[in-house]
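Peer 1: So I've got this file, upload.cif, and it contains mmCIF, C-alpha atoms, pLDDT in the B column; chains and numbers go by the auth columns:
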```
data_my_file
#
loop_
_atom_site.group_PDB
_atom_site.id
_atom_site.type_symbol
_atom_site.label_atom_id
_atom_site.label_comp_id
_atom_site.label_asym_id
_atom_site.label_seq_id
_atom_site.Cartn_x
_atom_site.Cartn_y
_atom_site.Cartn_z
_atom_site.B_iso_or_equiv
_atom_site.auth_seq_id
_atom_site.auth_asym_id
ATOM 1 C CA MET A 1 7.754 20.762 1.279 35.00 696 E
ATOM 2 C CA THR A 2 8.047 21.797 -2.376 33.00 697 E
ATOM 3 C CA GLU A 3 5.924 19.859 -4.834 34.00 698 E
ATOM 4 C CA ASN A 4 7.196 18.896 -8.287 34.00 699 E
ATOM 5 C CA THR A 5 6.818 15.974 -10.637 34.00 700 E
ATOM 6 C CA GLN A 6 9.347 13.472 -11.939 39.00 701 E
ATOM 7 C CA PRO A 7 9.443 11.798 -15.360 39.00 702 E
ATOM 8 C CA MET A 8 6.821 9.064 -15.847 42.00 703 E
ATOM 9 C CA MET A 9 4.594 10.426 -13.087 39.00 704 E
ATOM 10 C CA SER A 10 0.949 11.211 -13.472 38.00 705 E
ATOM 11 C CA ALA A 11 -0.440 14.579 -12.469 35.00 706 E
ATOM 12 C CA GLY A 12 -0.888 15.072 -8.755 36.00 707 E
ATOM 13 C CA THR A 13 2.080 12.979 -7.646 45.00 708 E
ATOM 14 C CA GLU A 14 4.172 14.816 -5.095 50.00 709 E
ATOM 15 C CA LEU A 15 7.940 15.055 -5.116 52.00 710 E
ATOM 16 C CA PHE A 16 9.186 14.923 -1.568 68.00 711 E
ATOM 17 C CA ASN A 17 11.827 17.658 -1.440 82.00 712 E
ATOM 18 C CA ASP A 18 14.332 15.735 0.661 87.00 713 E
ATOM 19 C CA PRO A 19 17.875 15.072 -0.615 89.00 714 E
ATOM 20 C CA ASN A 20 18.054 11.954 1.576 91.00 715 E
ATOM 21 C CA CYS A 21 14.896 10.498 0.026 93.00 716 E
ATOM 22 C CA THR A 22 14.951 10.671 -3.758 93.00 717 E
ATOM 23 C CA ILE A 23 12.779 8.142 -5.545 95.00 718 E
ATOM 24 C CA ASN A 24 12.697 7.406 -9.261 96.00 719 E
ATOM 25 C CA ILE A 25 10.186 5.315 -11.181 97.00 720 E
ATOM 26 C CA THR A 26 11.440 3.859 -14.452 98.00 721 E
ATOM 27 C CA PRO A 27 9.837 1.463 -16.949 98.00 722 E
ATOM 28 C CA GLN A 28 11.575 -1.880 -17.422 98.00 723 E
ATOM 29 C CA GLY A 29 9.751 -3.191 -20.494 98.00 724 E
ATOM 30 C CA ALA A 30 6.476 -4.940 -21.189 98.00 725 E
ATOM 31 C CA ILE A 31 4.793 -7.062 -18.514 98.00 726 E
ATOM 32 C CA PRO A 32 5.406 -10.729 -19.326 95.00 727 E
ATOM 33 C CA ASN A 33 2.226 -12.827 -19.342 89.00 728 E
ATOM 34 C CA TYR A 34 -0.103 -9.860 -19.853 97.00 729 E
ATOM 35 C CA PRO A 35 -3.591 -11.284 -20.478 97.00 730 E
ATOM 36 C CA GLY A 36 -5.444 -10.954 -23.767 92.00 731 E
ATOM 37 C CA THR A 37 -8.550 -9.508 -22.119 93.00 732 E
ATOM 38 C CA VAL A 38 -8.731 -7.054 -19.219 96.00 733 E
ATOM 39 C CA SER A 39 -12.097 -5.635 -18.169 97.00 734 E
ATOM 40 C CA ASN A 40 -12.874 -2.210 -16.727 97.00 735 E
ATOM 41 C CA LYS A 41 -13.862 -4.048 -13.520 98.00 736 E
ATOM 42 C CA ASN A 42 -10.362 -5.617 -13.373 98.00 737 E
ATOM 43 C CA ILE A 43 -8.792 -2.150 -13.708 98.00 738 E
ATOM 44 C CA THR A 44 -11.053 -0.609 -11.050 98.00 739 E
ATOM 45 C CA ASP A 45 -10.478 -3.513 -8.671 98.00 740 E
ATOM 46 C CA ALA A 46 -6.708 -3.224 -9.232 98.00 741 E
ATOM 47 C CA GLN A 47 -6.792 0.489 -8.409 98.00 742 E
ATOM 48 C CA ASN A 48 -8.722 -0.259 -5.202 98.00 743 E
ATOM 49 C CA ALA A 49 -6.271 -3.005 -4.182 98.00 744 E
ATOM 50 C CA ILE A 50 -3.295 -0.719 -4.873 98.00 745 E
ATOM 51 C CA GLY A 51 -4.894 1.956 -2.685 98.00 746 E
ATOM 52 C CA GLN A 52 -4.813 -0.429 0.294 98.00 747 E
ATOM 53 C CA LEU A 53 -1.046 -1.082 0.155 98.00 748 E
ATOM 54 C CA THR A 54 0.807 0.349 3.176 98.00 749 E
ATOM 55 C CA PHE A 55 4.501 1.004 3.775 98.00 750 E
ATOM 56 C CA ALA A 56 4.690 -1.973 6.164 97.00 751 E
ATOM 57 C CA ASP A 57 3.000 -4.219 3.588 98.00 752 E
ATOM 58 C CA ILE A 58 5.568 -3.335 0.907 98.00 753 E
ATOM 59 C CA TRP A 59 8.289 -5.254 2.767 97.00 754 E
ATOM 60 C CA ARG A 60 6.308 -8.412 3.547 97.00 755 E
ATOM 61 C CA LEU A 61 7.185 -11.797 2.081 96.00 756 E
ATOM 62 C CA PRO A 62 4.892 -14.256 0.283 95.00 757 E
ATOM 63 C CA PRO A 63 2.220 -15.381 0.696 96.00 758 E
ATOM 64 C CA PHE A 64 1.015 -11.853 1.624 97.00 759 E
ATOM 65 C CA ARG A 65 -1.708 -10.492 -0.665 97.00 760 E
ATOM 66 C CA ILE A 66 -4.482 -7.947 -0.846 98.00 761 E
ATOM 67 C CA GLU A 67 -7.602 -9.293 -2.556 98.00 762 E
ATOM 68 C CA TYR A 68 -10.153 -6.957 -4.078 98.00 763 E
ATOM 69 C CA GLY A 69 -13.008 -8.179 -6.257 98.00 764 E
ATOM 70 C CA THR A 70 -11.630 -9.760 -9.415 98.00 765 E
ATOM 71 C CA VAL A 71 -7.924 -9.252 -8.630 98.00 766 E
ATOM 72 C CA ARG A 72 -5.201 -9.778 -6.069 98.00 767 E
ATOM 73 C CA LEU A 73 -2.151 -7.642 -5.332 98.00 768 E
ATOM 74 C CA ASP A 74 0.575 -9.872 -4.014 97.00 769 E
ATOM 75 C CA VAL A 75 4.243 -9.908 -3.270 98.00 770 E
ATOM 76 C CA GLN A 76 5.867 -12.444 -5.579 97.00 771 E
ATOM 77 C CA GLY A 77 9.067 -12.531 -3.582 96.00 772 E
ATOM 78 C CA ALA A 78 12.212 -10.772 -2.467 97.00 773 E
ATOM 79 C CA ILE A 79 14.660 -9.429 -5.057 97.00 774 E
ATOM 80 C CA ALA A 80 18.391 -8.772 -4.736 95.00 775 E
ATOM 81 C CA GLY A 81 19.238 -6.050 -2.220 96.00 776 E
ATOM 82 C CA GLY A 82 16.197 -6.627 -0.014 96.00 777 E
ATOM 83 C CA GLY A 83 13.572 -5.335 -2.437 98.00 778 E
ATOM 84 C CA ARG A 84 10.235 -6.853 -3.422 98.00 779 E
ATOM 85 C CA ASN A 85 8.426 -7.861 -6.596 98.00 780 E
ATOM 86 C CA TRP A 86 4.739 -6.812 -6.499 98.00 781 E
ATOM 87 C CA GLN A 87 2.109 -7.844 -9.041 98.00 782 E
ATOM 88 C CA VAL A 88 -1.607 -7.394 -9.616 98.00 783 E
ATOM 89 C CA GLN A 89 -3.142 -10.514 -11.125 98.00 784 E
ATOM 90 C CA ILE A 90 -6.654 -11.360 -12.282 98.00 785 E
ATOM 91 C CA ASN A 91 -8.201 -14.100 -10.149 97.00 786 E
ATOM 92 C CA GLY A 92 -9.189 -17.413 -11.739 94.00 787 E
ATOM 93 C CA MET A 93 -7.433 -16.803 -15.034 92.00 788 E
ATOM 94 C CA GLN A 94 -5.387 -19.575 -16.635 85.00 789 E
ATOM 95 C CA GLY A 95 -2.049 -18.533 -18.147 85.00 790 E
ATOM 96 C CA GLY A 96 -1.108 -14.858 -18.271 93.00 791 E
ATOM 97 C CA SER A 97 -2.948 -12.902 -15.579 97.00 792 E
ATOM 98 C CA THR A 98 -0.550 -10.098 -14.537 98.00 793 E
ATOM 99 C CA ILE A 99 -1.887 -6.592 -15.252 98.00 794 E
ATOM 100 C CA SER A 100 0.548 -4.572 -13.102 98.00 795 E
ATOM 101 C CA ALA A 101 4.112 -5.342 -11.966 98.00 796 E
ATOM 102 C CA THR A 102 6.547 -3.279 -9.926 98.00 797 E
ATOM 103 C CA LEU A 103 10.023 -3.937 -8.535 98.00 798 E
ATOM 104 C CA VAL A 104 10.603 -2.041 -5.278 98.00 799 E
ATOM 105 C CA GLN A 105 14.294 -1.714 -4.480 98.00 800 E
ATOM 106 C CA GLY A 106 15.509 -2.427 -0.951 97.00 801 E
ATOM 107 C CA ASN A 107 17.123 1.008 -0.568 97.00 802 E
ATOM 108 C CA LEU A 108 13.611 2.341 0.148 97.00 803 E
ATOM 109 C CA ALA A 109 13.021 0.128 3.195 97.00 804 E
ATOM 110 C CA THR A 110 15.286 2.354 5.306 94.00 805 E
ATOM 111 C CA ALA A 111 12.962 5.385 5.212 96.00 806 E
ATOM 112 C CA SER A 112 13.559 6.777 8.702 93.00 807 E
ATOM 113 C CA SER A 113 10.580 9.053 9.340 94.00 808 E
ATOM 114 C CA SER A 114 6.837 8.732 8.942 95.00 809 E
ATOM 115 C CA GLU A 115 6.925 11.432 6.222 94.00 810 E
ATOM 116 C CA ARG A 116 9.535 9.494 4.255 95.00 811 E
ATOM 117 C CA GLN A 117 7.653 6.231 4.714 96.00 812 E
ATOM 118 C CA GLN A 118 4.444 7.866 3.462 96.00 813 E
ATOM 119 C CA TYR A 119 6.351 9.162 0.438 96.00 814 E
ATOM 120 C CA VAL A 120 7.733 5.688 -0.326 97.00 815 E
ATOM 121 C CA GLN A 121 4.217 4.268 -0.003 97.00 816 E
ATOM 122 C CA ARG A 122 2.813 6.900 -2.409 96.00 817 E
ATOM 123 C CA MET A 123 5.566 6.292 -4.936 97.00 818 E
ATOM 124 C CA VAL A 124 5.146 2.493 -4.877 98.00 819 E
ATOM 125 C CA ARG A 125 1.395 2.903 -5.334 98.00 820 E
ATOM 126 C CA ASN A 126 2.079 5.355 -8.153 98.00 821 E
ATOM 127 C CA ALA A 127 4.426 2.881 -9.850 98.00 822 E
ATOM 128 C CA LEU A 128 1.778 0.139 -9.654 98.00 823 E
ATOM 129 C CA GLU A 129 -0.765 2.551 -11.188 98.00 824 E
ATOM 130 C CA GLN A 130 1.702 3.511 -13.937 98.00 825 E
ATOM 131 C CA SER A 131 2.301 -0.152 -14.664 98.00 826 E
ATOM 132 C CA LEU A 132 -1.440 -0.766 -14.825 98.00 827 E
ATOM 133 C CA ALA A 133 -1.851 2.095 -17.323 97.00 828 E
ATOM 134 C CA SER A 134 1.220 1.409 -19.472 98.00 829 E
ATOM 135 C CA ARG A 135 1.434 -2.420 -19.345 98.00 830 E
ATOM 136 C CA ASN A 136 5.114 -2.042 -18.399 98.00 831 E
ATOM 137 C CA VAL A 137 7.010 -3.372 -15.395 98.00 832 E
ATOM 138 C CA MET A 138 8.068 -0.415 -13.263 98.00 833 E
ATOM 139 C CA ASN A 139 11.162 -0.117 -11.101 98.00 834 E
ATOM 140 C CA VAL A 140 11.039 2.042 -7.941 98.00 835 E
ATOM 141 C CA ASN A 141 14.487 3.016 -6.700 97.00 836 E
ATOM 142 C CA GLY A 142 15.892 5.282 -3.983 95.00 837 E
ATOM 143 C CA PRO A 143 17.740 5.891 -1.772 94.00 838 E
ATOM 144 C CA CYS A 144 15.541 6.918 1.112 94.00 839 E
ATOM 145 C CA ARG A 145 17.273 7.074 4.487 92.00 840 E
#
```
Show me this structure written as structure tokens.
Peer 2:
Amino acid sequence: MTENTQPMMSAGTELFNDPNCTINITPQGAIPNYPGTVSNKNITDAQNAIGQLTFADIWRLPPFRIEYGTVRLDVQGAIAGGGRNWQVQINGMQGGSTISATLVQGNLATASSSERQQYVQRMVRNALEQSLASRNVMNVNGPCR
């Protein structure tokens, strides 16, 4: 497996050298309802919640969520083509509470090997981290067969 990086990726993110599993992460604009105040604890808790997301979890439907400290990572719903909308939100906050948002396209659900599924999982986690850092909604798109 050759390791490279793609645009918008942080250092240390692996490119899976597989022509049948090419994943791109692209920003889609600012997160709507981003809160006025986000603490370091919120960021750390979000990173810990993101780290718990598995490939199987990615494709769940609401009300699935991962709670960690001050935040929750939950699937907001299905999107066209079988994908999912994932968001990290601060618990107990009125109004805008979303600090990370990622659209995962359905063409990644068909990853056919454990290596490909692990790659999809890493890339979705990476997109959530990028969203957390940039305050932008991220789109994760394949295909991955």
Peer 1: Please provide as a ChimeraX atom specification all residues within 12 Å of E:Gln813, with the sequence filter that same-chain residues fewer than 3 positions apart are discarded (counting all atoms listed in the file).
Peer 2: /E:709-711,716,748-751,753,803-804,806-810,816-820,839
Peer 1: Written as an MDAnalysis selection string, what is the full residue list that the PyMOL selection byres ((chain E and resi 780-787) around 10) yields on the file shown?
Peer 2: chainID E and resid 726 729:730 733:734 737:738 740:742 744:745 753:754 756 760:774 778:779 788:800 819 823 826:827 832:834
Peer 1: Could you please take those selected residues and save C-alpha atoms as a PDB file, in the frame of the given file?
Peer 2:
```pdb
ATOM      1  CA  ILE E 726       4.793  -7.062 -18.514  1.00 98.00           C
ATOM      2  CA  TYR E 729      -0.103  -9.860 -19.853  1.00 97.00           C
ATOM      3  CA  PRO E 730      -3.591 -11.284 -20.478  1.00 97.00           C
ATOM      4  CA  VAL E 733      -8.731  -7.054 -19.219  1.00 96.00           C
ATOM      5  CA  SER E 734     -12.097  -5.635 -18.169  1.00 97.00           C
ATOM      6  CA  ASN E 737     -10.362  -5.617 -13.373  1.00 98.00           C
ATOM      7  CA  ILE E 738      -8.792  -2.150 -13.708  1.00 98.00           C
ATOM      8  CA  ASP E 740     -10.478  -3.513  -8.671  1.00 98.00           C
ATOM      9  CA  ALA E 741      -6.708  -3.224  -9.232  1.00 98.00           C
ATOM     10  CA  GLN E 742      -6.792   0.489  -8.409  1.00 98.00           C
ATOM     11  CA  ALA E 744      -6.271  -3.005  -4.182  1.00 98.00           C
ATOM     12  CA  ILE E 745      -3.295  -0.719  -4.873  1.00 98.00           C
ATOM     13  CA  ILE E 753       5.568  -3.335   0.907  1.00 98.00           C
ATOM     14  CA  TRP E 754       8.289  -5.254   2.767  1.00 97.00           C
ATOM     15  CA  LEU E 756       7.185 -11.797   2.081  1.00 96.00           C
ATOM     16  CA  ARG E 760      -1.708 -10.492  -0.665  1.00 97.00           C
ATOM     17  CA  ILE E 761      -4.482  -7.947  -0.846  1.00 98.00           C
ATOM     18  CA  GLU E 762      -7.602  -9.293  -2.556  1.00 98.00           C
ATOM     19  CA  TYR E 763     -10.153  -6.957  -4.078  1.00 98.00           C
ATOM     20  CA  GLY E 764     -13.008  -8.179  -6.257  1.00 98.00           C
ATOM     21  CA  THR E 765     -11.630  -9.760  -9.415  1.00 98.00           C
ATOM     22  CA  VAL E 766      -7.924  -9.252  -8.630  1.00 98.00           C
ATOM     23  CA  ARG E 767      -5.201  -9.778  -6.069  1.00 98.00           C
ATOM     24  CA  LEU E 768      -2.151  -7.642  -5.332  1.00 98.00           C
ATOM     25  CA  ASP E 769       0.575  -9.872  -4.014  1.00 97.00           C
ATOM     26  CA  VAL E 770       4.243  -9.908  -3.270  1.00 98.00           C
ATOM     27  CA  GLN E 771       5.867 -12.444  -5.579  1.00 97.00           C
ATOM     28  CA  GLY E 772       9.067 -12.531  -3.582  1.00 96.00           C
ATOM     29  CA  ALA E 773      12.212 -10.772  -2.467  1.00 97.00           C
ATOM     30  CA  ILE E 774      14.660  -9.429  -5.057  1.00 97.00           C
ATOM     31  CA  GLY E 778      13.572  -5.335  -2.437  1.00 98.00           C
ATOM     32  CA  ARG E 779      10.235  -6.853  -3.422  1.00 98.00           C
ATOM     33  CA  MET E 788      -7.433 -16.803 -15.034  1.00 92.00           C
ATOM     34  CA  GLN E 789      -5.387 -19.575 -16.635  1.00 85.00           C
ATOM     35  CA  GLY E 790      -2.049 -18.533 -18.147  1.00 85.00           C
ATOM     36  CA  GLY E 791      -1.108 -14.858 -18.271  1.00 93.00           C
ATOM     37  CA  SER E 792      -2.948 -12.902 -15.579  1.00 97.00           C
ATOM     38  CA  THR E 793      -0.550 -10.098 -14.537  1.00 98.00           C
ATOM     39  CA  ILE E 794      -1.887  -6.592 -15.252  1.00 98.00           C
ATOM     40  CA  SER E 795       0.548  -4.572 -13.102  1.00 98.00           C
ATOM     41  CA  ALA E 796       4.112  -5.342 -11.966  1.00 98.00           C
ATOM     42  CA  THR E 797       6.547  -3.279  -9.926  1.00 98.00           C
ATOM     43  CA  LEU E 798      10.023  -3.937  -8.535  1.00 98.00           C
ATOM     44  CA  VAL E 799      10.603  -2.041  -5.278  1.00 98.00           C
ATOM     45  CA  GLN E 800      14.294  -1.714  -4.480  1.00 98.00           C
ATOM     46  CA  VAL E 819       5.146   2.493  -4.877  1.00 98.00           C
ATOM     47  CA  LEU E 823       1.778   0.139  -9.654  1.00 98.00           C
ATOM     48  CA  SER E 826       2.301  -0.152 -14.664  1.00 98.00           C
ATOM     49  CA  LEU E 827      -1.440  -0.766 -14.825  1.00 98.00           C
ATOM     50  CA  VAL E 832       7.010  -3.372 -15.395  1.00 98.00           C
ATOM     51  CA  MET E 833       8.068  -0.415 -13.263  1.00 98.00           C
ATOM     52  CA  ASN E 834      11.162  -0.117 -11.101  1.00 98.00           C
TER      53      ASN E 834
END
```
Peer 1: Could you tell me which of E:Asn712, E:Asn728, E:Tyr814, E:Gly801 comes closest to E:Ala775 if we count all atoms listed in the file?
Peer 2: E:Gly801
Peer 1: Quick one, how far is atom CA of E:Gly777 from atom CA of E:Thr805?
Peer 2: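 Interatomic distance, atom CA of E:Gly777 to atom CA of E:Thr805: 10.5 Å.
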Peer 1: In Å, how far is it from atom CA of E:Gln825 to atom CA of E:Thr721?
Peer 2: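 It comes out at 9.8 Å.
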